[in-house]
4 protein chains.
Amino acid sequence: MKKRIDEAAARAAFEQALETYDQDFGKFFLVKLFGMEVDYPDDTCRITFDLKDFMFNPQGGLHGGVTAFVLDISMGHLLRAKAGPGTTVEIKIQYLKAARAGRLTATGRFLRQGRNLSYLQSELVDDKGEMIAFATSTWMAVKEKA
Amino acid sequence: MKKRIDEAAARAAFEQALETYDQDFGKFFLVKLFGMEVDYPDDTCRITFDLKDFMFNPQGGLHGGVTAFVLDISMGHLLRAKAGPGTTVEIKIQYLKAARAGRLTATGRFLRQGRNLSYLQSELVDDKGEMIAFATSTWMAVKEKA
Amino acid sequence: MKKRIDEAAARAAFEQALETYDQDFGKFFLVKLFGMEVDYPDDTCRITFDLKDFMFNPQGGLHGGVTAFVLDISMGHLLRAKAGPGTTVEIKIQYLKAARAGRLTATGRFLRQGRNLSYLQSELVDDKGEMIAFATSTWMAVKEKA
Amino acid sequence: MKKRIDEAAARAAFEQALETYDQDFGKFFLVKLFGMEVDYPDDTCRITFDLKDFMFNPQGGLHGGVTAFVLDISMGHLLRAKAGPGTTVEIKIQYLKAARAGRLTATGRFLRQGRNLSYLQSELVDDKGEMIAFATSTWMAVKEKA
């Protein structure tokens, strides 16, 4: 028998994404599909979103790829806001705990902001403050066309 | 002005996913949304999919989070097929080259299959054979309930 | 012409190591050779040592392998002190800045202490407080023989 | 009671290092201390060395920091030989198996050689061909002074 997701919630997320996306930072399609909200308290970038089961792996928790996605954008958006656009050179994610429900928050921070290379970290926590995942990454500045 | 994706393609992917998904290995919702096909040639797990622009970052290439997703499942599905289910302890991804069009293939392999911990690698290549990304990861076996 | 190190300093380090080492935590031979001092303020493990040029790479800075060594032991010794012995499953180190002189301090901390798997981080800073390197690692508990 | 290393072997390694080192690629002090031999078969860099117990951790196996060291130089020396000098941006090492005796071989290879950033991998195997550790790293080219 088919193990189902909440299809109405998935459809609502999809329709909402199509209406509100714009392929720019903070609002591109996948950000909107996952219902992620972006802000920049202090020197961080914070992304919050509610878990929905269409983001899950077959074991019933948030898929590690979505975890990677939200950690990646929390660092890439911070870099973009503070230093201009860049590309991810590499990212490492440690998975500390499964996430099955509630609201999650990823917070990206600089380890070191450089002219060419920047080093960042980010943590994903649940609404009880428990750490779900921790990431570090390295970014290369992209020269913008004049 | 809004920078648009191919909305008809995104909608087709979504409807196809809703029809065909089942929250199990190889066919859970996100796998189907991204149009990923899974097979197991030799001792590998191979995932193929066509790039569609709803998977893109604001800079117009495959988002690193989707790259992470496909590399993760190429390793997790191999582990599941050869040794039973596991959870990702950690993953590292290096991004070698942007991917903007065509069909991509991720191929997961064991570095070492252990009883508790297993070590895997995976590479993502484009249809010209150029490497887009390379990942290594560590997995912990999950005891299945009897 | 041969590019020399301070050979007297290397010899002094070696003789001191031979006299004082004991193949146990905090005092095994390599720890003593590199002149590393270990303590445990609060819930951290702190390792301090003076740079000597026998630890250098051909470019005249602290070799990345020695950086890896000190970061590894700052985490492994913390784990040992708080939770018993373990083995490194994996470590990732980001190199932020070259270190050429002075006294360095590595500080290891838990991201999450688990029964089987523990997740740690450590940072290496110079005597001006600038970050030289940042590491995260994963450890597996080792059952001690009764 | 003091747990001893083979002190005569450590002293021989030290004296040999002092006599033969030169702070350049392939022969700097730590390379000589660890008795590492470097060659470049095909498009790889291969480092071989005999385990000696002064390189061990308190648990009686090759210390993970020395593993990191040999993997780092197998990649850095390959980069230097093929593309000029660079600095390690980051390295990740997975530890698959303890090494307690015999001769080890690290083999570094390019994943992608770039103008600014290069991506490499390396594996450390024992004399039975079993994999001890696997590493990936990223390097930034250093402009040499004219």
# chains A, B, ... in the order shown; residues from 1 in each chain; ligands from 1
$ interface_residues --of "chain A" --to "chain C" --cutoff "12 Å" --atoms "only C-alpha atoms" --output "PDB file with N, CA, C and O atoms, in the first residue's frame"
ATOM      1  N   VAL A  89      32.280  26.432  -2.853  1.00  0.00           N
ATOM      2  CA  VAL A  89      33.411  25.577  -3.208  1.00  0.00           C
ATOM      3  C   VAL A  89      33.179  24.178  -2.633  1.00  0.00           C
ATOM      4  O   VAL A  89      33.359  23.178  -3.324  1.00  0.00           O
ATOM      5  N   GLU A  90      32.776  24.155  -1.373  1.00  0.00           N
ATOM      6  CA  GLU A  90      32.500  22.876  -0.712  1.00  0.00           C
ATOM      7  C   GLU A  90      31.670  23.140   0.518  1.00  0.00           C
ATOM      8  O   GLU A  90      31.688  24.228   1.080  1.00  0.00           O
ATOM      9  N   ILE A  91      30.962  22.105   0.933  1.00  0.00           N
ATOM     10  CA  ILE A  91      30.170  22.150   2.160  1.00  0.00           C
ATOM     11  C   ILE A  91      30.269  20.798   2.833  1.00  0.00           C
ATOM     12  O   ILE A  91      30.346  19.768   2.171  1.00  0.00           O
ATOM     13  N   LYS A  92      30.330  20.818   4.161  1.00  0.00           N
ATOM     14  CA  LYS A  92      30.238  19.574   4.929  1.00  0.00           C
ATOM     15  C   LYS A  92      29.110  19.741   5.936  1.00  0.00           C
ATOM     16  O   LYS A  92      29.013  20.767   6.602  1.00  0.00           O
ATOM     17  N   ILE A  93      28.302  18.714   6.036  1.00  0.00           N
ATOM     18  CA  ILE A  93      27.180  18.736   6.962  1.00  0.00           C
ATOM     19  C   ILE A  93      27.255  17.530   7.885  1.00  0.00           C
ATOM     20  O   ILE A  93      27.439  16.407   7.427  1.00  0.00           O
ATOM     21  N   GLN A  94      27.127  17.779   9.174  1.00  0.00           N
ATOM     22  CA  GLN A  94      26.982  16.695  10.138  1.00  0.00           C
ATOM     23  C   GLN A  94      25.530  16.646  10.587  1.00  0.00           C
ATOM     24  O   GLN A  94      24.939  17.686  10.895  1.00  0.00           O
ATOM     25  N   TYR A  95      24.971  15.435  10.615  1.00  0.00           N
ATOM     26  CA  TYR A  95      23.574  15.228  10.979  1.00  0.00           C
ATOM     27  C   TYR A  95      23.529  14.700  12.404  1.00  0.00           C
ATOM     28  O   TYR A  95      23.951  13.590  12.666  1.00  0.00           O
ATOM     29  N   LEU A  96      23.005  15.503  13.317  1.00  0.00           N
ATOM     30  CA  LEU A  96      23.077  15.169  14.736  1.00  0.00           C
ATOM     31  C   LEU A  96      21.821  14.453  15.240  1.00  0.00           C
ATOM     32  O   LEU A  96      21.888  13.673  16.183  1.00  0.00           O
ATOM     33  N   LYS A  97      20.703  14.731  14.595  1.00  0.00           N
ATOM     34  CA  LYS A  97      19.433  14.306  15.159  1.00  0.00           C
ATOM     35  C   LYS A  97      18.382  14.389  14.044  1.00  0.00           C
ATOM     36  O   LYS A  97      18.409  15.306  13.233  1.00  0.00           O
ATOM     37  N   PHE A 110      29.771  33.974   9.504  1.00  0.00           N
ATOM     38  CA  PHE A 110      31.140  33.914   8.981  1.00  0.00           C
ATOM     39  C   PHE A 110      32.104  33.318  10.002  1.00  0.00           C
ATOM     40  O   PHE A 110      32.076  33.681  11.180  1.00  0.00           O
ATOM     41  N   LEU A 111      32.965  32.433   9.548  1.00  0.00           N
ATOM     42  CA  LEU A 111      34.180  32.115  10.290  1.00  0.00           C
ATOM     43  C   LEU A 111      35.258  33.131   9.917  1.00  0.00           C
ATOM     44  O   LEU A 111      35.984  33.616  10.755  1.00  0.00           O
ATOM     45  N   ARG A 112      35.341  33.425   8.628  1.00  0.00           N
ATOM     46  CA  ARG A 112      36.249  34.451   8.132  1.00  0.00           C
ATOM     47  C   ARG A 112      35.754  34.942   6.774  1.00  0.00           C
ATOM     48  O   ARG A 112      35.517  34.146   5.872  1.00  0.00           O
ATOM     49  N   GLN A 113      35.635  36.237   6.657  1.00  0.00           N
ATOM     50  CA  GLN A 113      35.244  36.840   5.391  1.00  0.00           C
ATOM     51  C   GLN A 113      36.482  37.321   4.672  1.00  0.00           C
ATOM     52  O   GLN A 113      37.224  38.153   5.193  1.00  0.00           O
ATOM     53  N   GLY A 114      36.746  36.759   3.508  1.00  0.00           N
ATOM     54  CA  GLY A 114      37.936  37.143   2.757  1.00  0.00           C
ATOM     55  C   GLY A 114      37.574  37.803   1.444  1.00  0.00           C
ATOM     56  O   GLY A 114      36.402  37.862   1.065  1.00  0.00           O
ATOM     57  N   ASN A 116      38.694  36.847  -1.647  1.00  0.00           N
ATOM     58  CA  ASN A 116      38.378  35.813  -2.622  1.00  0.00           C
ATOM     59  C   ASN A 116      37.622  34.649  -1.997  1.00  0.00           C
ATOM     60  O   ASN A 116      36.581  34.236  -2.475  1.00  0.00           O
ATOM     61  N   LEU A 117      38.194  34.123  -0.921  1.00  0.00           N
ATOM     62  CA  LEU A 117      37.602  32.979  -0.246  1.00  0.00           C
ATOM     63  C   LEU A 117      36.975  33.417   1.064  1.00  0.00           C
ATOM     64  O   LEU A 117      37.583  34.174   1.830  1.00  0.00           O
ATOM     65  N   SER A 118      35.773  32.921   1.332  1.00  0.00           N
ATOM     66  CA  SER A 118      35.160  33.144   2.636  1.00  0.00           C
ATOM     67  C   SER A 118      34.775  31.805   3.240  1.00  0.00           C
ATOM     68  O   SER A 118      34.452  30.849   2.515  1.00  0.00           O
ATOM     69  N   TYR A 119      34.827  31.747   4.571  1.00  0.00           N
ATOM     70  CA  TYR A 119      34.582  30.522   5.313  1.00  0.00           C
ATOM     71  C   TYR A 119      33.381  30.772   6.218  1.00  0.00           C
ATOM     72  O   TYR A 119      33.370  31.754   6.966  1.00  0.00           O
ATOM     73  N   LEU A 120      32.401  29.879   6.163  1.00  0.00           N
ATOM     74  CA  LEU A 120      31.191  30.083   6.961  1.00  0.00           C
ATOM     75  C   LEU A 120      30.774  28.818   7.695  1.00  0.00           C
ATOM     76  O   LEU A 120      31.228  27.714   7.366  1.00  0.00           O
ATOM     77  N   GLN A 121      29.938  29.013   8.688  1.00  0.00           N
ATOM     78  CA  GLN A 121      29.332  27.893   9.401  1.00  0.00           C
ATOM     79  C   GLN A 121      27.842  28.161   9.525  1.00  0.00           C
ATOM     80  O   GLN A 121      27.392  29.292   9.407  1.00  0.00           O
ATOM     81  N   GLU A 123      24.145  26.453  11.682  1.00  0.00           N
ATOM     82  CA  GLU A 123      23.530  25.383  12.456  1.00  0.00           C
ATOM     83  C   GLU A 123      22.030  25.403  12.245  1.00  0.00           C
ATOM     84  O   GLU A 123      21.414  26.453  12.092  1.00  0.00           O
ATOM     85  N   LEU A 124      21.466  24.205  12.238  1.00  0.00           N
ATOM     86  CA  LEU A 124      20.024  24.047  12.102  1.00  0.00           C
ATOM     87  C   LEU A 124      19.496  23.526  13.428  1.00  0.00           C
ATOM     88  O   LEU A 124      19.953  22.487  13.918  1.00  0.00           O
ATOM     89  N   VAL A 125      18.547  24.272  14.033  1.00  0.00           N
ATOM     90  CA  VAL A 125      17.986  23.861  15.325  1.00  0.00           C
ATOM     91  C   VAL A 125      16.470  23.738  15.223  1.00  0.00           C
ATOM     92  O   VAL A 125      15.837  24.376  14.378  1.00  0.00           O
ATOM     93  N   GLU A 130      17.172  22.223  20.069  1.00  0.00           N
ATOM     94  CA  GLU A 130      18.099  21.104  19.842  1.00  0.00           C
ATOM     95  C   GLU A 130      18.725  21.203  18.460  1.00  0.00           C
ATOM     96  O   GLU A 130      18.044  21.495  17.472  1.00  0.00           O
ATOM     97  N   MET A 131      20.030  20.920  18.395  1.00  0.00           N
ATOM     98  CA  MET A 131      20.721  21.016  17.127  1.00  0.00           C
ATOM     99  C   MET A 131      20.420  19.787  16.263  1.00  0.00           C
ATOM    100  O   MET A 131      20.598  18.663  16.694  1.00  0.00           O
ATOM    101  N   ILE A 132      19.953  20.052  15.061  1.00  0.00           N
ATOM    102  CA  ILE A 132      19.618  19.009  14.083  1.00  0.00           C
ATOM    103  C   ILE A 132      20.821  18.723  13.187  1.00  0.00           C
ATOM    104  O   ILE A 132      21.110  17.568  12.866  1.00  0.00           O
ATOM    105  N   ALA A 133      21.526  19.777  12.776  1.00  0.00           N
ATOM    106  CA  ALA A 133      22.648  19.614  11.856  1.00  0.00           C
ATOM    107  C   ALA A 133      23.579  20.810  11.983  1.00  0.00           C
ATOM    108  O   ALA A 133      23.162  21.900  12.392  1.00  0.00           O
ATOM    109  N   PHE A 134      24.847  20.579  11.621  1.00  0.00           N
ATOM    110  CA  PHE A 134      25.864  21.627  11.664  1.00  0.00           C
ATOM    111  C   PHE A 134      26.659  21.558  10.369  1.00  0.00           C
ATOM    112  O   PHE A 134      27.035  20.465   9.929  1.00  0.00           O
ATOM    113  N   ALA A 135      26.906  22.714   9.769  1.00  0.00           N
ATOM    114  CA  ALA A 135      27.626  22.749   8.493  1.00  0.00           C
ATOM    115  C   ALA A 135      28.745  23.772   8.517  1.00  0.00           C
ATOM    116  O   ALA A 135      28.653  24.798   9.206  1.00  0.00           O
ATOM    117  N   THR A 136      29.796  23.474   7.761  1.00  0.00           N
ATOM    118  CA  THR A 136      30.796  24.484   7.428  1.00  0.00           C
ATOM    119  C   THR A 136      30.943  24.480   5.912  1.00  0.00           C
ATOM    120  O   THR A 136      30.726  23.463   5.254  1.00  0.00           O
ATOM    121  N   SER A 137      31.320  25.636   5.375  1.00  0.00           N
ATOM    122  CA  SER A 137      31.484  25.697   3.922  1.00  0.00           C
ATOM    123  C   SER A 137      32.502  26.758   3.543  1.00  0.00           C
ATOM    124  O   SER A 137      32.888  27.595   4.357  1.00  0.00           O
ATOM    125  N   THR A 138      32.950  26.674   2.310  1.00  0.00           N
ATOM    126  CA  THR A 138      33.905  27.621   1.749  1.00  0.00           C
ATOM    127  C   THR A 138      33.317  28.165   0.461  1.00  0.00           C
ATOM    128  O   THR A 138      32.715  27.413  -0.311  1.00  0.00           O
ATOM    129  N   TRP A 139      33.465  29.464   0.259  1.00  0.00           N
ATOM    130  CA  TRP A 139      32.869  30.134  -0.896  1.00  0.00           C
ATOM    131  C   TRP A 139      33.912  30.958  -1.632  1.00  0.00           C
ATOM    132  O   TRP A 139      34.817  31.539  -1.031  1.00  0.00           O
TER     133      TRP A 139
END
$ select_by_dssp --residues "chain C" --states "alpha helix (DSSP H)" --output "PyMOL selection string"
chain C and resi 7-20+29-33+64-83
$ write_last_selection --atoms "N, CA and C atoms" --output "CSV table (one decimal), in the first residue's frame"
chain,number,residue,atom,x,y,z
C,7,GLU,N,68.0,23.9,14.2
C,7,GLU,CA,68.3,22.5,14.5
C,7,GLU,C,68.4,22.3,16.0
C,8,ALA,N,69.0,23.3,16.7
C,8,ALA,CA,69.1,23.2,18.1
C,8,ALA,C,67.7,23.1,18.8
C,9,ALA,N,66.8,23.9,18.3
C,9,ALA,CA,65.4,23.9,18.8
C,9,ALA,C,64.8,22.6,18.6
C,10,ALA,N,65.0,22.0,17.4
C,10,ALA,CA,64.4,20.7,17.0
C,10,ALA,C,65.0,19.6,18.0
C,11,ARG,N,66.3,19.7,18.2
C,11,ARG,CA,66.9,18.7,19.0
C,11,ARG,C,66.4,18.8,20.5
C,12,ALA,N,66.3,20.0,20.9
C,12,ALA,CA,65.8,20.2,22.3
C,12,ALA,C,64.4,19.7,22.5
C,13,ALA,N,63.6,19.9,21.4
C,13,ALA,CA,62.2,19.4,21.5
C,13,ALA,C,62.2,17.9,21.5
C,14,PHE,N,63.1,17.3,20.7
C,14,PHE,CA,63.2,15.8,20.6
C,14,PHE,C,63.6,15.2,22.0
C,15,GLU,N,64.7,15.8,22.5
C,15,GLU,CA,65.2,15.2,23.8
C,15,GLU,C,64.2,15.4,24.9
C,16,GLN,N,63.6,16.6,24.9
C,16,GLN,CA,62.5,16.8,25.9
C,16,GLN,C,61.4,15.8,25.8
C,17,ALA,N,61.0,15.5,24.6
C,17,ALA,CA,59.9,14.5,24.3
C,17,ALA,C,60.3,13.2,24.8
C,18,LEU,N,61.5,12.7,24.5
C,18,LEU,CA,62.0,11.4,24.9
C,18,LEU,C,62.0,11.3,26.5
C,19,GLU,N,62.3,12.4,27.1
C,19,GLU,CA,62.4,12.3,28.6
C,19,GLU,C,61.0,12.3,29.2
C,20,THR,N,60.1,13.0,28.6
C,20,THR,CA,58.8,13.3,29.3
C,20,THR,C,57.6,12.5,28.8
C,29,PHE,N,54.1,10.6,22.7
C,29,PHE,CA,55.4,11.1,22.1
C,29,PHE,C,55.2,12.4,21.2
C,30,LEU,N,54.2,12.3,20.3
C,30,LEU,CA,54.1,13.4,19.4
C,30,LEU,C,53.6,14.7,20.1
C,31,VAL,N,52.7,14.5,21.0
C,31,VAL,CA,52.3,15.6,21.8
C,31,VAL,C,53.5,16.3,22.5
C,32,LYS,N,54.4,15.5,23.0
C,32,LYS,CA,55.6,16.1,23.7
C,32,LYS,C,56.5,16.7,22.7
C,33,LEU,N,56.7,16.0,21.5
C,33,LEU,CA,57.6,16.5,20.5
C,33,LEU,C,57.2,17.9,20.0
C,64,GLY,N,50.0,22.1,7.5
C,64,GLY,CA,48.6,21.7,7.7
C,64,GLY,C,48.4,20.4,8.4
C,65,GLY,N,49.4,19.5,8.3
C,65,GLY,CA,49.3,18.2,9.0
C,65,GLY,C,49.4,18.4,10.5
C,66,VAL,N,50.2,19.3,10.9
C,66,VAL,CA,50.4,19.6,12.4
C,66,VAL,C,49.1,20.3,12.9
C,67,THR,N,48.6,21.2,12.1
C,67,THR,CA,47.3,21.8,12.4
C,67,THR,C,46.2,20.7,12.6
C,68,ALA,N,46.2,19.8,11.7
C,68,ALA,CA,45.2,18.7,11.8
C,68,ALA,C,45.5,17.9,13.1
C,69,PHE,N,46.7,17.7,13.4
C,69,PHE,CA,47.1,16.9,14.6
C,69,PHE,C,46.6,17.6,15.9
C,70,VAL,N,46.8,18.9,16.0
C,70,VAL,CA,46.4,19.6,17.2
C,70,VAL,C,44.9,19.7,17.3
C,71,LEU,N,44.3,19.9,16.2
C,71,LEU,CA,42.8,20.0,16.2
C,71,LEU,C,42.2,18.6,16.6
C,72,ASP,N,42.7,17.6,16.0
C,72,ASP,CA,42.3,16.2,16.3
C,72,ASP,C,42.4,15.9,17.8
C,73,ILE,N,43.6,16.2,18.4
C,73,ILE,CA,43.7,15.8,19.8
C,73,ILE,C,42.9,16.7,20.7
C,74,SER,N,42.6,18.0,20.3
C,74,SER,CA,41.8,18.8,21.2
C,74,SER,C,40.4,18.3,21.3
C,75,MET,N,39.9,17.6,20.3
C,75,MET,CA,38.6,17.0,20.3
C,75,MET,C,38.7,15.6,20.9
C,76,GLY,N,39.7,14.8,20.5
C,76,GLY,CA,39.8,13.4,21.0
C,76,GLY,C,40.0,13.4,22.5
C,77,HIS,N,40.8,14.4,23.0
C,77,HIS,CA,41.1,14.4,24.5
C,77,HIS,C,39.8,14.9,25.2
C,78,LEU,N,39.1,15.8,24.6
C,78,LEU,CA,37.8,16.2,25.3
C,78,LEU,C,36.9,15.0,25.4
C,79,LEU,N,36.7,14.3,24.3
C,79,LEU,CA,35.8,13.2,24.3
C,79,LEU,C,36.3,12.2,25.4
C,80,ARG,N,37.6,11.9,25.4
C,80,ARG,CA,38.1,10.9,26.4
C,80,ARG,C,37.8,11.4,27.8
C,81,ALA,N,38.0,12.7,28.1
C,81,ALA,CA,37.8,13.2,29.4
C,81,ALA,C,36.3,13.2,29.8
C,82,LYS,N,35.4,13.4,28.9
C,82,LYS,CA,34.0,13.6,29.3
C,82,LYS,C,33.2,12.3,29.1
C,83,ALA,N,33.7,11.4,28.1
C,83,ALA,CA,32.8,10.3,27.7
C,83,ALA,C,33.5,9.0,27.5
$ select_by_dssp --residues "chain D" --states "strand (DSSP E)" --output "JSON, numbers by chain"
{"D": [37, 38, 39, 45, 46, 47, 48, 49, 50, 86, 87, 88, 89, 90, 91, 92, 93, 94, 95, 103, 104, 105, 106, 107, 108, 109, 110, 111, 112, 117, 118, 119, 120, 121, 122, 123, 124, 125, 131, 132, 133, 134, 135, 136, 137, 138, 139, 140, 141]}
$ write_last_selection --atoms "C-alpha atoms" --output "PDB file, in the first residue's frame"
ATOM      1  CA  GLU D  37      59.415   8.759   0.283  1.00  0.00           C
ATOM      2  CA  VAL D  38      57.772  10.676  -2.527  1.00  0.00           C
ATOM      3  CA  ASP D  39      57.425   9.743  -6.185  1.00  0.00           C
ATOM      4  CA  CYS D  45      51.789  11.495  -6.180  1.00  0.00           C
ATOM      5  CA  ARG D  46      52.674   8.461  -4.077  1.00  0.00           C
ATOM      6  CA  ILE D  47      54.079   8.632  -0.550  1.00  0.00           C
ATOM      7  CA  THR D  48      55.317   5.500   1.179  1.00  0.00           C
ATOM      8  CA  PHE D  49      56.536   5.054   4.739  1.00  0.00           C
ATOM      9  CA  ASP D  50      57.024   2.411   7.421  1.00  0.00           C
ATOM     10  CA  GLY D  86      49.220  26.117  -3.576  1.00  0.00           C
ATOM     11  CA  THR D  87      47.761  26.302  -0.117  1.00  0.00           C
ATOM     12  CA  THR D  88      45.233  23.938   1.405  1.00  0.00           C
ATOM     13  CA  VAL D  89      41.826  25.568   1.622  1.00  0.00           C
ATOM     14  CA  GLU D  90      40.289  22.572   3.370  1.00  0.00           C
ATOM     15  CA  ILE D  91      40.719  18.852   3.792  1.00  0.00           C
ATOM     16  CA  LYS D  92      38.384  16.116   4.967  1.00  0.00           C
ATOM     17  CA  ILE D  93      39.640  12.754   6.089  1.00  0.00           C
ATOM     18  CA  GLN D  94      37.615   9.612   6.751  1.00  0.00           C
ATOM     19  CA  TYR D  95      39.276   6.997   8.942  1.00  0.00           C
ATOM     20  CA  ARG D 103      54.320  -0.079   5.168  1.00  0.00           C
ATOM     21  CA  LEU D 104      51.664   2.410   4.118  1.00  0.00           C
ATOM     22  CA  THR D 105      51.113   4.122   0.791  1.00  0.00           C
ATOM     23  CA  ALA D 106      49.201   7.341   0.157  1.00  0.00           C
ATOM     24  CA  THR D 107      48.226   8.110  -3.442  1.00  0.00           C
ATOM     25  CA  GLY D 108      47.022  11.589  -4.355  1.00  0.00           C
ATOM     26  CA  ARG D 109      45.059  12.326  -7.545  1.00  0.00           C
ATOM     27  CA  PHE D 110      43.267  15.271  -9.107  1.00  0.00           C
ATOM     28  CA  LEU D 111      39.499  15.377  -9.155  1.00  0.00           C
ATOM     29  CA  ARG D 112      39.799  18.594 -11.141  1.00  0.00           C
ATOM     30  CA  LEU D 117      41.082  26.217  -7.329  1.00  0.00           C
ATOM     31  CA  SER D 118      42.046  22.565  -7.620  1.00  0.00           C
ATOM     32  CA  TYR D 119      40.216  19.589  -6.129  1.00  0.00           C
ATOM     33  CA  LEU D 120      42.070  16.445  -5.119  1.00  0.00           C
ATOM     34  CA  GLN D 121      41.555  13.097  -3.448  1.00  0.00           C
ATOM     35  CA  SER D 122      43.956  10.684  -1.799  1.00  0.00           C
ATOM     36  CA  GLU D 123      43.766   7.245  -0.273  1.00  0.00           C
ATOM     37  CA  LEU D 124      46.020   5.604   2.287  1.00  0.00           C
ATOM     38  CA  VAL D 125      46.341   1.821   2.021  1.00  0.00           C
ATOM     39  CA  MET D 131      42.125   1.191   2.813  1.00  0.00           C
ATOM     40  CA  ILE D 132      43.118   2.962   6.032  1.00  0.00           C
ATOM     41  CA  ALA D 133      41.857   6.449   5.209  1.00  0.00           C
ATOM     42  CA  PHE D 134      40.383   8.497   2.387  1.00  0.00           C
ATOM     43  CA  ALA D 135      40.707  12.259   1.928  1.00  0.00           C
ATOM     44  CA  THR D 136      39.453  14.986  -0.331  1.00  0.00           C
ATOM     45  CA  SER D 137      40.795  18.524  -0.356  1.00  0.00           C
ATOM     46  CA  THR D 138      40.632  21.867  -2.099  1.00  0.00           C
ATOM     47  CA  TRP D 139      43.654  24.022  -2.921  1.00  0.00           C
ATOM     48  CA  MET D 140      44.163  27.609  -3.974  1.00  0.00           C
ATOM     49  CA  ALA D 141      47.005  28.444  -6.336  1.00  0.00           C
TER      50      ALA D 141
END
$ residues_around --residues "B:Phe56" --least-positions-apart "3" --cutoff "12 Å" --atoms "only C-alpha atoms" --output "ChimeraX atom specification"
/A:22-25,27-31,69 /B:3-6,10,34,51-53,59-67,98-101
